[in-house]
Structure formats: C-alpha cells, structure tokens
Amino acid sequence: MIIGVGIDVCDVSRFALTIQRRPGLVKRLFTSREAERPTASLAARFAAKEALAKALGAPSGLSWLDAEIETDEVGKPSLRITGTVADRAAALGVARIHVSLSHDAGIASAFVICED
C-alpha cells in the first residue's frame with residue numbers, strides 16, 4: 001500500500017546560482033559522495049530530498065544529510081535513509097522507497113513513492 005507520494009522540480013540554473021552565492025549550502029544539503037556530482041545531478045538530488053520529505057508528510061526536523069541518493073552500476077537511483085528520515089519512515093510504516101530522477105532542458109525533477 002502507498003503511504004506517501006512526493007514530487008519536486010528544481011531549476012538547474014537557479015540552483016547553480018544559489019550554491020555559487022552560498023557554497024556552504026552544499027555541505028548542509030548533500031553527503032560527501034553526493035557533493036562530487038555535477039550541478040544538474042545535485043539539483044535532481046535536491047528535488048528528490050524535497051519529494052521524499054513531501055512523501056513523509058513534510059514534518060519539521062528532518063536532516064538533509066539523513067537521505068542520500070545513491071546510484072547502482074547501471075545508474076538506477078535509490079534512497080539510503082538514516083537518522084531523522086529513517087525514524088519518520090519507520091513511524092509511518094514505510095518499508096520501501098522508490099525514486100525517479102530526471103534533468104533536461106534546465107529543469108531537474110524527482111518523484112518518490114513510499115510504501116509499506
């Protein structure tokens with residue numbers, strides 16, 4: 001059964017300007033492995049974290065670093081959750097999280113489904 005669904009989009013150019021003006025933001029939003037990725041990929045990962053928060057009911061107190069978007073050897077993304085995000089997911093009974101990322105034409109997007 002679906003527990004929550006979230007979607008988010010991010011303008012890649014605007015995101016790039018934001019992290020240029022506030023470079024410390026990268027360390028607050030992304031794990032060290034995520035931070036190595038190109039800007040469009042970071043924008044998609046930011047959108048995924050926003051979509052995940054929405055799928056979990058957008059509670060306050062979630063740490064951005066407690067959700068990491070990983071990719072397997074063929075490029076399929078998945079979410080690894082820990083800490084505050086894992087606690088919220090467990091409280092809701094989330095057993096599986098599905099994530100889809102895209103970036104094209106200057107827009108990054110992400111879709112997340114949480115299910116039991």
# chains A, B, ... in the order shown; residues from 1 in each chain; ligands from 1
$ residues_around --residues "A:Glu34" --least-positions-apart "3" --cutoff "10 Å" --atoms "only C-alpha atoms" --output "VMD selection string"
chain A and resid 26 to 27 29 to 31 37 to 38 41 to 42 45 65 68 to 70
$ residues_around --residues "A:Ala67" --least-positions-apart "5" --cutoff "8 Å" --atoms "only C-alpha atoms" --output "short mmCIF file (atom, residue, chain, number, x, y, z; two decimals) with C-alpha atoms, in the first residue's frame"
data_model
loop_
_atom_site.label_atom_id
_atom_site.label_comp_id
_atom_site.auth_asym_id
_atom_site.auth_seq_id
_atom_site.Cartn_x
_atom_site.Cartn_y
_atom_site.Cartn_z
CA LYS A 49 15.09 15.05 -0.98
CA LEU A 79 17.45 6.34 -1.39
CA ARG A 80 19.52 5.38 1.65
CA ILE A 81 17.92 6.82 4.77
CA THR A 82 19.28 7.14 8.29
CA VAL A 85 14.46 10.42 7.99
#
$ atom_distance --atom1 "atom CA of A:Thr71" --atom2 "atom CA of A:Val94"
20.6 Å
$ atom_distance --atom1 "atom CA of A:Ser60" --atom2 "atom CA of A:Ala16"
25.4 Å
$ select_by_dssp --residues "chain A" --states "strand (DSSP E)" --output "ChimeraX atom specification"
/A:2-11,67-71,77-81,96-104,107-115
$ residues_around --residues "A:Val99" --least-positions-apart "3" --cutoff "8 Å" --atoms "only C-alpha atoms" --output "PyMOL selection string"
chain A and resi 48+77-79+110-113
